[in-house]
file data-v1.pdb (PDB, C-alpha atoms)
ATOM      1  CA  MET A   1     -56.394  41.690  20.685  1.00  0.00           C
ATOM      2  CA  ASN A   2     -59.428  40.055  19.090  1.00  0.00           C
ATOM      3  CA  LYS A   3     -59.500  36.422  18.043  1.00  0.00           C
ATOM      4  CA  ILE A   4     -58.859  37.197  14.410  1.00  0.00           C
ATOM      5  CA  ALA A   5     -55.765  39.246  15.303  1.00  0.00           C
ATOM      6  CA  GLU A   6     -54.497  36.391  17.525  1.00  0.00           C
ATOM      7  CA  LEU A   7     -54.988  33.965  14.659  1.00  0.00           C
ATOM      8  CA  VAL A   8     -52.987  36.220  12.346  1.00  0.00           C
ATOM      9  CA  GLU A   9     -50.087  36.354  14.839  1.00  0.00           C
ATOM     10  CA  ARG A  10     -50.109  32.588  15.236  1.00  0.00           C
ATOM     11  CA  MET A  11     -50.114  32.087  11.474  1.00  0.00           C
ATOM     12  CA  LYS A  12     -47.087  34.387  11.197  1.00  0.00           C
ATOM     13  CA  ALA A  13     -45.154  32.070  13.516  1.00  0.00           C
ATOM     14  CA  ILE A  14     -45.927  28.931  11.508  1.00  0.00           C
ATOM     15  CA  PRO A  15     -43.317  29.502   8.743  1.00  0.00           C
ATOM     16  CA  ASP A  16     -40.635  30.137  11.380  1.00  0.00           C
ATOM     17  CA  LYS A  17     -41.538  26.916  13.180  1.00  0.00           C
ATOM     18  CA  GLU A  18     -41.468  24.995   9.924  1.00  0.00           C
ATOM     19  CA  THR A  19     -38.086  26.495   9.051  1.00  0.00           C
ATOM     20  CA  ARG A  20     -36.663  25.574  12.448  1.00  0.00           C
ATOM     21  CA  ALA A  21     -38.089  22.063  12.173  1.00  0.00           C
ATOM     22  CA  ALA A  22     -36.575  21.637   8.714  1.00  0.00           C
ATOM     23  CA  GLN A  23     -33.209  22.892   9.992  1.00  0.00           C
ATOM     24  CA  LEU A  24     -33.380  20.469  12.896  1.00  0.00           C
ATOM     25  CA  GLU A  25     -34.068  17.550  10.576  1.00  0.00           C
ATOM     26  CA  GLY A  26     -31.226  18.692   8.341  1.00  0.00           C
ATOM     27  CA  MET A  27     -28.853  18.843  11.304  1.00  0.00           C
ATOM     28  CA  LYS A  28     -29.887  15.347  12.399  1.00  0.00           C
ATOM     29  CA  ALA A  29     -29.259  14.020   8.898  1.00  0.00           C
ATOM     30  CA  VAL A  30     -25.836  15.664   8.816  1.00  0.00           C
ATOM     31  CA  ARG A  31     -25.047  14.260  12.259  1.00  0.00           C
ATOM     32  CA  ASP A  32     -25.833  10.727  11.046  1.00  0.00           C
ATOM     33  CA  LYS A  33     -23.701  11.243   7.943  1.00  0.00           C
ATOM     34  CA  VAL A  34     -20.824  12.520  10.062  1.00  0.00           C
ATOM     35  CA  ARG A  35     -21.043   9.446  12.283  1.00  0.00           C
ATOM     36  CA  ALA A  36     -20.995   7.162   9.233  1.00  0.00           C
ATOM     37  CA  ALA A  37     -17.995   9.035   7.813  1.00  0.00           C
ATOM     38  CA  ALA A  38     -16.212   8.801  11.168  1.00  0.00           C
ATOM     39  CA  ASP A  39     -16.784   5.032  11.261  1.00  0.00           C
ATOM     40  CA  ALA A  40     -15.454   4.689   7.705  1.00  0.00           C
ATOM     41  CA  ALA A  41     -12.409   6.771   8.621  1.00  0.00           C
ATOM     42  CA  ASP A  42     -11.723   4.584  11.657  1.00  0.00           C
ATOM     43  CA  ARG A  43     -11.905   1.422   9.554  1.00  0.00           C
ATOM     44  CA  LEU A  44      -9.530   2.855   6.959  1.00  0.00           C
ATOM     45  CA  ARG A  45      -7.144   4.119   9.646  1.00  0.00           C
ATOM     46  CA  VAL A  46      -6.954   0.728  11.361  1.00  0.00           C
ATOM     47  CA  ARG A  47      -6.354  -1.033   8.040  1.00  0.00           C
ATOM     48  CA  THR A  48      -3.592   1.307   6.879  1.00  0.00           C
ATOM     49  CA  VAL A  49      -1.837   1.187  10.255  1.00  0.00           C
ATOM     50  CA  ALA A  50      -2.051  -2.621  10.292  1.00  0.00           C
ATOM     51  CA  LEU A  51      -0.685  -2.990   6.769  1.00  0.00           C
ATOM     52  CA  ALA A  52       2.031  -0.383   7.286  1.00  0.00           C
ATOM     53  CA  ALA A  53       3.314  -2.480  10.196  1.00  0.00           C
ATOM     54  CA  ILE A  54       4.082  -5.466   7.938  1.00  0.00           C
ATOM     55  CA  MET A  55       4.926  -3.964   4.533  1.00  0.00           C
ATOM     56  CA  ASP A  56       6.052  -0.828   2.741  1.00  0.00           C
ATOM     57  CA  VAL A  57       3.827  -0.469  -0.325  1.00  0.00           C
ATOM     58  CA  ASP A  58       2.493   2.539  -2.186  1.00  0.00           C
ATOM     59  CA  PHE A  59      -1.178   1.623  -1.877  1.00  0.00           C
ATOM     60  CA  VAL A  60      -0.971   1.955   1.899  1.00  0.00           C
ATOM     61  CA  ASP A  61       0.527   5.424   1.421  1.00  0.00           C
ATOM     62  CA  LYS A  62      -2.368   6.330  -0.879  1.00  0.00           C
ATOM     63  CA  GLY A  63      -4.864   5.188   1.735  1.00  0.00           C
ATOM     64  CA  THR A  64      -3.102   7.213   4.427  1.00  0.00           C
ATOM     65  CA  LEU A  65      -3.032  10.314   2.198  1.00  0.00           C
ATOM     66  CA  SER A  66      -6.773  10.068   1.490  1.00  0.00           C
ATOM     67  CA  LEU A  67      -7.430   9.683   5.197  1.00  0.00           C
ATOM     68  CA  THR A  68      -5.376  12.804   5.940  1.00  0.00           C
ATOM     69  CA  GLN A  69      -7.242  14.811   3.306  1.00  0.00           C
ATOM     70  CA  ALA A  70     -10.611  13.673   4.667  1.00  0.00           C
ATOM     71  CA  SER A  71      -9.527  14.651   8.181  1.00  0.00           C
ATOM     72  CA  GLN A  72      -8.507  18.107   6.964  1.00  0.00           C
ATOM     73  CA  SER A  73     -11.947  18.648   5.413  1.00  0.00           C
ATOM     74  CA  ALA A  74     -13.607  17.519   8.639  1.00  0.00           C
ATOM     75  CA  THR A  75     -11.411  19.874  10.678  1.00  0.00           C
ATOM     76  CA  THR A  76     -12.367  22.805   8.461  1.00  0.00           C
ATOM     77  CA  LEU A  77     -16.063  22.035   8.928  1.00  0.00           C
ATOM     78  CA  LYS A  78     -15.618  21.693  12.693  1.00  0.00           C
ATOM     79  CA  LYS A  79     -13.828  25.042  12.945  1.00  0.00           C
ATOM     80  CA  ARG A  80     -16.762  26.739  11.269  1.00  0.00           C
ATOM     81  CA  TYR A  81     -19.133  25.529  13.964  1.00  0.00           C
ATOM     82  CA  ASP A  82     -16.637  26.148  16.767  1.00  0.00           C
ATOM     83  CA  GLN A  83     -16.439  29.773  15.633  1.00  0.00           C
ATOM     84  CA  GLY A  84     -20.217  30.089  15.846  1.00  0.00           C
ATOM     85  CA  LEU A  85     -20.731  30.734  12.147  1.00  0.00           C
ATOM     86  CA  GLY A  86     -24.003  28.837  12.199  1.00  0.00           C
ATOM     87  CA  PHE A  87     -25.359  25.773  10.486  1.00  0.00           C
ATOM     88  CA  ASP A  88     -25.408  25.753   6.703  1.00  0.00           C
ATOM     89  CA  LEU A  89     -26.935  22.571   5.280  1.00  0.00           C
ATOM     90  CA  LYS A  90     -25.531  23.041   1.790  1.00  0.00           C
ATOM     91  CA  ARG A  91     -22.031  23.735   3.107  1.00  0.00           C
ATOM     92  CA  ALA A  92     -22.189  20.735   5.429  1.00  0.00           C
ATOM     93  CA  ASP A  93     -23.416  18.420   2.670  1.00  0.00           C
ATOM     94  CA  ALA A  94     -20.694  19.650   0.307  1.00  0.00           C
ATOM     95  CA  ALA A  95     -18.030  19.032   2.959  1.00  0.00           C
ATOM     96  CA  LEU A  96     -19.369  15.554   3.678  1.00  0.00           C
ATOM     97  CA  ILE A  97     -19.406  14.682  -0.013  1.00  0.00           C
ATOM     98  CA  GLN A  98     -15.741  15.673  -0.190  1.00  0.00           C
ATOM     99  CA  ILE A  99     -14.900  13.727   2.960  1.00  0.00           C
ATOM    100  CA  ASN A 100     -16.641  10.570   1.739  1.00  0.00           C
ATOM    101  CA  GLU A 101     -15.025  10.838  -1.686  1.00  0.00           C
ATOM    102  CA  ARG A 102     -11.602  10.946  -0.035  1.00  0.00           C
ATOM    103  CA  LEU A 103     -12.422   7.961   2.153  1.00  0.00           C
ATOM    104  CA  ASP A 104     -13.780   5.989  -0.806  1.00  0.00           C
ATOM    105  CA  GLN A 105     -10.638   6.761  -2.802  1.00  0.00           C
ATOM    106  CA  GLY A 106      -8.457   5.589   0.064  1.00  0.00           C
ATOM    107  CA  SER A 107     -10.409   2.380   0.626  1.00  0.00           C
ATOM    108  CA  SER A 108     -10.445   1.612  -3.094  1.00  0.00           C
ATOM    109  CA  ALA A 109      -6.691   2.182  -3.342  1.00  0.00           C
ATOM    110  CA  VAL A 110      -6.053  -0.202  -0.453  1.00  0.00           C
ATOM    111  CA  ASP A 111      -8.433  -2.876  -1.778  1.00  0.00           C
ATOM    112  CA  LYS A 112      -7.103  -2.690  -5.335  1.00  0.00           C
ATOM    113  CA  GLY A 113      -3.471  -2.613  -4.215  1.00  0.00           C
ATOM    114  CA  TRP A 114      -3.988  -5.522  -1.857  1.00  0.00           C
ATOM    115  CA  ARG A 115      -5.559  -7.722  -4.538  1.00  0.00           C
ATOM    116  CA  ALA A 116      -2.724  -6.874  -6.935  1.00  0.00           C
ATOM    117  CA  LEU A 117      -0.194  -7.807  -4.235  1.00  0.00           C
ATOM    118  CA  ILE A 118      -1.781 -11.213  -3.653  1.00  0.00           C
ATOM    119  CA  ASP A 119      -2.132 -11.861  -7.391  1.00  0.00           C
ATOM    120  CA  ASP A 120       1.549 -11.049  -7.886  1.00  0.00           C
ATOM    121  CA  GLN A 121       2.628 -13.414  -5.114  1.00  0.00           C
ATOM    122  CA  VAL A 122       0.478 -16.260  -6.420  1.00  0.00           C
ATOM    123  CA  ARG A 123       1.656 -15.657  -9.988  1.00  0.00           C
ATOM    124  CA  ARG A 124       5.274 -15.740  -8.799  1.00  0.00           C
ATOM    125  CA  PHE A 125       5.062 -18.983  -6.820  1.00  0.00           C
ATOM    126  CA  LYS A 126       2.434 -21.011  -8.682  1.00  0.00           C
ATOM    127  CA  PRO A 127       4.722 -22.056 -11.607  1.00  0.00           C
ATOM    128  CA  LEU A 128       7.147 -23.576  -9.101  1.00  0.00           C
ATOM    129  CA  ALA A 129       4.307 -25.446  -7.415  1.00  0.00           C
ATOM    130  CA  GLU A 130       3.097 -26.800 -10.750  1.00  0.00           C
ATOM    131  CA  ALA A 131       6.619 -27.869 -11.719  1.00  0.00           C
ATOM    132  CA  ALA A 132       7.105 -29.572  -8.361  1.00  0.00           C
ATOM    133  CA  GLU A 133       3.823 -31.431  -8.725  1.00  0.00           C
ATOM    134  CA  ARG A 134       4.706 -32.618 -12.235  1.00  0.00           C
ATOM    135  CA  ALA A 135       8.014 -33.929 -10.922  1.00  0.00           C
ATOM    136  CA  MET A 136       6.178 -35.513  -7.970  1.00  0.00           C
ATOM    137  CA  LEU A 137       8.612 -33.941  -5.543  1.00  0.00           C
ATOM    138  CA  PRO A 138       8.000 -34.635  -1.860  1.00  0.00           C
ATOM    139  CA  GLY A 139       6.545 -31.539  -0.261  1.00  0.00           C
ATOM    140  CA  ALA A 140       4.944 -30.250  -3.463  1.00  0.00           C
ATOM    141  CA  SER A 141       1.519 -30.440  -1.842  1.00  0.00           C
ATOM    142  CA  SER A 142       2.750 -28.295   1.056  1.00  0.00           C
ATOM    143  CA  LEU A 143       3.777 -25.573  -1.384  1.00  0.00           C
ATOM    144  CA  ARG A 144       0.443 -25.793  -3.190  1.00  0.00           C
ATOM    145  CA  ASN A 145      -1.407 -25.557   0.136  1.00  0.00           C
ATOM    146  CA  ALA A 146       0.682 -22.563   1.217  1.00  0.00           C
ATOM    147  CA  ILE A 147      -0.190 -20.774  -2.028  1.00  0.00           C
ATOM    148  CA  GLY A 148      -3.871 -21.598  -1.541  1.00  0.00           C
ATOM    149  CA  VAL A 149      -3.859 -20.123   1.954  1.00  0.00           C
ATOM    150  CA  VAL A 150      -2.330 -16.854   0.719  1.00  0.00           C
ATOM    151  CA  GLU A 151      -4.754 -16.774  -2.208  1.00  0.00           C
ATOM    152  CA  GLY A 152      -7.581 -16.978   0.334  1.00  0.00           C
ATOM    153  CA  TRP A 153      -6.558 -13.544   1.652  1.00  0.00           C
ATOM    154  CA  ARG A 154      -7.237 -11.864  -1.705  1.00  0.00           C
ATOM    155  CA  ASP A 155     -10.753 -10.675  -0.938  1.00  0.00           C
ATOM    156  CA  ARG A 156     -10.286 -10.158   2.782  1.00  0.00           C
ATOM    157  CA  PRO A 157      -7.350  -7.823   3.458  1.00  0.00           C
ATOM    158  CA  PRO A 158      -6.239  -7.591   7.102  1.00  0.00           C
ATOM    159  CA  VAL A 159      -8.472  -5.297   9.148  1.00  0.00           C
ATOM    160  CA  ASN A 160      -6.234  -5.073  12.229  1.00  0.00           C
ATOM    161  CA  ARG A 161      -2.699  -5.785  13.441  1.00  0.00           C
ATOM    162  CA  GLN A 162      -3.496  -9.343  14.496  1.00  0.00           C
ATOM    163  CA  ALA A 163      -4.833 -10.232  11.055  1.00  0.00           C
ATOM    164  CA  ALA A 164      -1.878  -8.499   9.384  1.00  0.00           C
ATOM    165  CA  HIS A 165       0.632 -10.557  11.336  1.00  0.00           C
ATOM    166  CA  LEU A 166      -1.333 -13.741  10.619  1.00  0.00           C
ATOM    167  CA  TYR A 167      -1.125 -12.946   6.917  1.00  0.00           C
ATOM    168  CA  SER A 168       2.644 -12.418   7.251  1.00  0.00           C
ATOM    169  CA  GLU A 169       2.980 -15.870   8.786  1.00  0.00           C
ATOM    170  CA  HIS A 170       0.962 -17.426   5.971  1.00  0.00           C
ATOM    171  CA  ALA A 171       2.929 -15.580   3.269  1.00  0.00           C
ATOM    172  CA  ALA A 172       6.208 -16.766   4.804  1.00  0.00           C
ATOM    173  CA  GLN A 173       5.149 -20.378   4.283  1.00  0.00           C
ATOM    174  CA  MET A 174       5.512 -20.082   0.492  1.00  0.00           C
ATOM    175  CA  PRO A 175       9.265 -19.349   0.344  1.00  0.00           C
ATOM    176  CA  ALA A 176       9.773 -21.741   3.257  1.00  0.00           C
ATOM    177  CA  SER A 177       8.090 -24.543   1.291  1.00  0.00           C
ATOM    178  CA  ILE A 178      10.165 -23.719  -1.784  1.00  0.00           C
ATOM    179  CA  ALA A 179      13.354 -23.821   0.274  1.00  0.00           C
ATOM    180  CA  LYS A 180      12.456 -27.302   1.526  1.00  0.00           C
ATOM    181  CA  LEU A 181      12.002 -28.444  -2.070  1.00  0.00           C
ATOM    182  CA  GLY A 182      15.332 -26.984  -3.124  1.00  0.00           C
ATOM    183  CA  LEU A 183      13.553 -24.883  -5.741  1.00  0.00           C
ATOM    184  CA  GLU A 184      15.180 -21.573  -4.938  1.00  0.00           C
ATOM    185  CA  GLY A 185      17.384 -19.544  -7.262  1.00  0.00           C
ATOM    186  CA  ARG A 186      18.780 -21.159 -10.410  1.00  0.00           C
ATOM    187  CA  ALA A 187      17.365 -24.585  -9.598  1.00  0.00           C
ATOM    188  CA  GLY A 188      13.859 -23.187  -9.284  1.00  0.00           C
ATOM    189  CA  LYS A 189      14.096 -21.248 -12.548  1.00  0.00           C
ATOM    190  CA  PHE A 190      15.468 -24.316 -14.311  1.00  0.00           C
ATOM    191  CA  MET A 191      12.604 -26.482 -13.040  1.00  0.00           C
ATOM    192  CA  VAL A 192       9.951 -24.056 -14.269  1.00  0.00           C
ATOM    193  CA  ASP A 193      11.648 -23.550 -17.642  1.00  0.00           C
ATOM    194  CA  ALA A 194      12.274 -27.269 -18.145  1.00  0.00           C
ATOM    195  CA  SER A 195       8.716 -28.274 -17.268  1.00  0.00           C
ATOM    196  CA  ASN A 196       7.511 -25.877 -19.963  1.00  0.00           C
ATOM    197  CA  GLY A 197      10.144 -26.767 -22.558  1.00  0.00           C
ATOM    198  CA  ARG A 198      12.074 -23.509 -22.219  1.00  0.00           C
ATOM    199  CA  ALA A 199      15.228 -24.683 -20.418  1.00  0.00           C
ATOM    200  CA  LYS A 200      18.572 -24.687 -22.221  1.00  0.00           C
ATOM    201  CA  ALA A 201      21.156 -27.453 -22.201  1.00  0.00           C
ATOM    202  CA  ARG A 202      23.763 -25.027 -20.874  1.00  0.00           C
ATOM    203  CA  ASP A 203      21.666 -24.699 -17.707  1.00  0.00           C
ATOM    204  CA  LEU A 204      22.797 -28.218 -16.834  1.00  0.00           C
ATOM    205  CA  GLN A 205      26.268 -26.816 -16.246  1.00  0.00           C
ATOM    206  CA  ASP A 206      25.044 -24.789 -13.283  1.00  0.00           C
ATOM    207  CA  ALA A 207      26.148 -26.252  -9.946  1.00  0.00           C
ATOM    208  CA  ASP A 208      22.829 -25.540  -8.199  1.00  0.00           C
ATOM    209  CA  VAL A 209      20.865 -27.193 -10.996  1.00  0.00           C
ATOM    210  CA  LEU A 210      23.101 -30.273 -10.975  1.00  0.00           C
ATOM    211  CA  ALA A 211      22.881 -30.549  -7.194  1.00  0.00           C
ATOM    212  CA  PHE A 212      19.105 -30.421  -7.386  1.00  0.00           C
ATOM    213  CA  LEU A 213      18.941 -33.096 -10.102  1.00  0.00           C
ATOM    214  CA  GLU A 214      21.269 -35.323  -8.099  1.00  0.00           C
ATOM    215  CA  ALA A 215      18.995 -34.938  -5.093  1.00  0.00           C
ATOM    216  CA  TYR A 216      15.889 -35.718  -7.166  1.00  0.00           C
ATOM    217  CA  PRO A 217      16.931 -38.019 -10.047  1.00  0.00           C
ATOM    218  CA  ALA A 218      13.276 -38.779 -10.882  1.00  0.00           C
ATOM    219  CA  VAL A 219      13.009 -35.222 -12.228  1.00  0.00           C
ATOM    220  CA  TRP A 220      15.005 -36.210 -15.322  1.00  0.00           C
ATOM    221  CA  ALA A 221      11.995 -38.069 -16.730  1.00  0.00           C
ATOM    222  CA  MET A 222       9.825 -34.952 -16.967  1.00  0.00           C
ATOM    223  CA  LEU A 223      12.388 -32.452 -18.209  1.00  0.00           C
ATOM    224  CA  LYS A 224      12.206 -30.817 -21.631  1.00  0.00           C
ATOM    225  CA  VAL A 225      15.503 -29.176 -22.519  1.00  0.00           C
ATOM    226  CA  SER A 226      16.370 -27.310 -25.715  1.00  0.00           C
ATOM    227  CA  LEU A 227      19.857 -27.448 -27.178  1.00  0.00           C
TER     228      LEU A 227
END
call {"tool": "encode", "arguments": {"input": "data-v1.pdb", "output": "structure tokens"}}
result
Amino acid sequence: MNKIAELVERMKAIPDKETRAAQLEGMKAVRDKVRAAADAADRLRVRTVALAAIMDVDFVDKGTLSLTQASQSATTLKKRYDQGLGFDLKRADAALIQINERLDQGSSAVDKGWRALIDDQVRRFKPLAEAAERAMLPGASSLRNAIGVVEGWRDRPPVNRQAAHLYSEHAAQMPASIAKLGLEGRAGKFMVDASNGRAKARDLQDADVLAFLEAYPAVWAMLKVSL
């Protein structure tokens, strides 16, 4: 074979080499994306397991469902390669897009649900704390501090079991502080209503309310009661 013929043969091989090189780069890119998706799945799995251990809420179920759906898509992609069907960049990218969408949906559901949970707890206990502070009840600052600690969890949901149990301990301090103030049940509702001018005179006939007022006579000065 003369030199020109050899050159022709070598030039024929160039497109194949370029194709193989492009495929290799594509496979490497997919590999990196798969690793990133796997890390995201692990983070979501740990979070949902941790939260499920301390509460039964729908947003944890949504996160778990998204994780399951992402895992199913990953299993389907894996089976294709296990069966020797070859590497298809477009198919792999499409599968990864679906996987990441599921993981994003799950993470968003958990984050949004968690913030709503904290907001609801703070909204439920803060009026009692404000009423207790207005009445200058002993222990009012403890309730306010307990609410502040829980509020601090809003943008950092538990990422593992240890953090989840720590949150549970912090959340338990709010009702515990209210119990020490005697602001549970009817007495608590009366305090909040009275401090905002919404309490009714008939509420003063309630035994729990009367017992609370007898325990804290200074509260009378700040009450606003409608007839």
call {"tool": "residues_near_point", "arguments": {"input": "data-v1.pdb", "point": "(-22.2, 8.1, 8.2)", "cutoff": "12 Å", "atoms": "all atoms listed in the file", "output": "ChimeraX atom specification"}}
result
/A:28-42,93,96-97,99-100,103
call {"tool": "atom_distance", "arguments": {"input": "data-v1.pdb", "atom1": "atom CA of Gly152 of chain A", "atom2": "atom CA of Ala131 of chain A"}}
result
21.6 Å
call {"tool": "residues_near_point", "arguments": {"input": "data-v1.pdb", "point": "(-6.2, -7.1, 6.3)", "cutoff": "8 Å", "atoms": "all atoms listed in the file", "output": "JSON, numbers by chain"}}
result
{"A": [47, 50, 51, 153, 156, 157, 158, 159, 160, 163, 164, 167]}
call {"tool": "closest_residue", "arguments": {"input": "data-v1.pdb", "among": "A:Lys78, A:Arg154, A:Arg144, A:Lys90", "to": "Lys126 of chain A", "atoms": "only C-alpha atoms"}}
result
A:Arg144
call {"tool": "residues_around", "arguments": {"input": "data-v1.pdb", "residues": "Val149 of chain A", "least_positions_apart": "2", "cutoff": "12 Å", "atoms": "only C-alpha atoms", "output": "PyMOL selection string"}}
result
chain A and resi 118+121-122+142-147+151-154+156+166-174
call {"tool": "write_last_selection", "arguments": {"input": "data-v1.pdb", "atoms": "C-alpha atoms", "output": "PDB file, in the frame of the given file"}}
result
ATOM      1  CA  ILE A 118      -1.781 -11.213  -3.653  1.00  0.00           C
ATOM      2  CA  GLN A 121       2.628 -13.414  -5.114  1.00  0.00           C
ATOM      3  CA  VAL A 122       0.478 -16.260  -6.420  1.00  0.00           C
ATOM      4  CA  SER A 142       2.750 -28.295   1.056  1.00  0.00           C
ATOM      5  CA  LEU A 143       3.777 -25.573  -1.384  1.00  0.00           C
ATOM      6  CA  ARG A 144       0.443 -25.793  -3.190  1.00  0.00           C
ATOM      7  CA  ASN A 145      -1.407 -25.557   0.136  1.00  0.00           C
ATOM      8  CA  ALA A 146       0.682 -22.563   1.217  1.00  0.00           C
ATOM      9  CA  ILE A 147      -0.190 -20.774  -2.028  1.00  0.00           C
ATOM     10  CA  GLU A 151      -4.754 -16.774  -2.208  1.00  0.00           C
ATOM     11  CA  GLY A 152      -7.581 -16.978   0.334  1.00  0.00           C
ATOM     12  CA  TRP A 153      -6.558 -13.544   1.652  1.00  0.00           C
ATOM     13  CA  ARG A 154      -7.237 -11.864  -1.705  1.00  0.00           C
ATOM     14  CA  ARG A 156     -10.286 -10.158   2.782  1.00  0.00           C
ATOM     15  CA  LEU A 166      -1.333 -13.741  10.619  1.00  0.00           C
ATOM     16  CA  TYR A 167      -1.125 -12.946   6.917  1.00  0.00           C
ATOM     17  CA  SER A 168       2.644 -12.418   7.251  1.00  0.00           C
ATOM     18  CA  GLU A 169       2.980 -15.870   8.786  1.00  0.00           C
ATOM     19  CA  HIS A 170       0.962 -17.426   5.971  1.00  0.00           C
ATOM     20  CA  ALA A 171       2.929 -15.580   3.269  1.00  0.00           C
ATOM     21  CA  ALA A 172       6.208 -16.766   4.804  1.00  0.00           C
ATOM     22  CA  GLN A 173       5.149 -20.378   4.283  1.00  0.00           C
ATOM     23  CA  MET A 174       5.512 -20.082   0.492  1.00  0.00           C
TER      24      MET A 174
END
call {"tool": "residues_around", "arguments": {"input": "data-v1.pdb", "residues": "Thr48 of chain A", "least_positions_apart": "3", "cutoff": "12 Å", "atoms": "all atoms listed in the file", "output": "PyMOL selection string"}}
result
chain A and resi 41-45+51-68+106-107+109-111+113-114+157-161+164
call {"tool": "closest_residue", "arguments": {"input": "data-v1.pdb", "among": "A:Leu89, A:Ile178, A:Leu117, A:Met136", "to": "Val150 of chain A", "atoms": "only C-alpha atoms"}}
result
A:Leu117
call {"tool": "closest_residue", "arguments": {"input": "data-v1.pdb", "among": "A:Met191, A:Lys180, A:Thr76, A:Pro217", "to": "Pro138 of chain A", "atoms": "all atoms listed in the file"}}
result
A:Lys180
call {"tool": "residues_around", "arguments": {"input": "data-v1.pdb", "residues": "Gly185 of chain A", "least_positions_apart": "6", "cutoff": "12 Å", "atoms": "only C-alpha atoms", "output": "number ranges by chain"}}
result
A: 128, 175, 178-179, 191-192, 206-209, 212
call {"tool": "closest_residue", "arguments": {"input": "data-v1.pdb", "among": "A:Lys112, A:Asp193, A:Ala74, A:Arg134", "to": "Ala92 of chain A", "atoms": "all atoms listed in the file"}}
result
A:Ala74
call {"tool": "atom_distance", "arguments": {"input": "data-v1.pdb", "atom1": "atom CA of Ala211 of chain A", "atom2": "atom CA of Arg186 of chain A"}}
result
10.7 Å
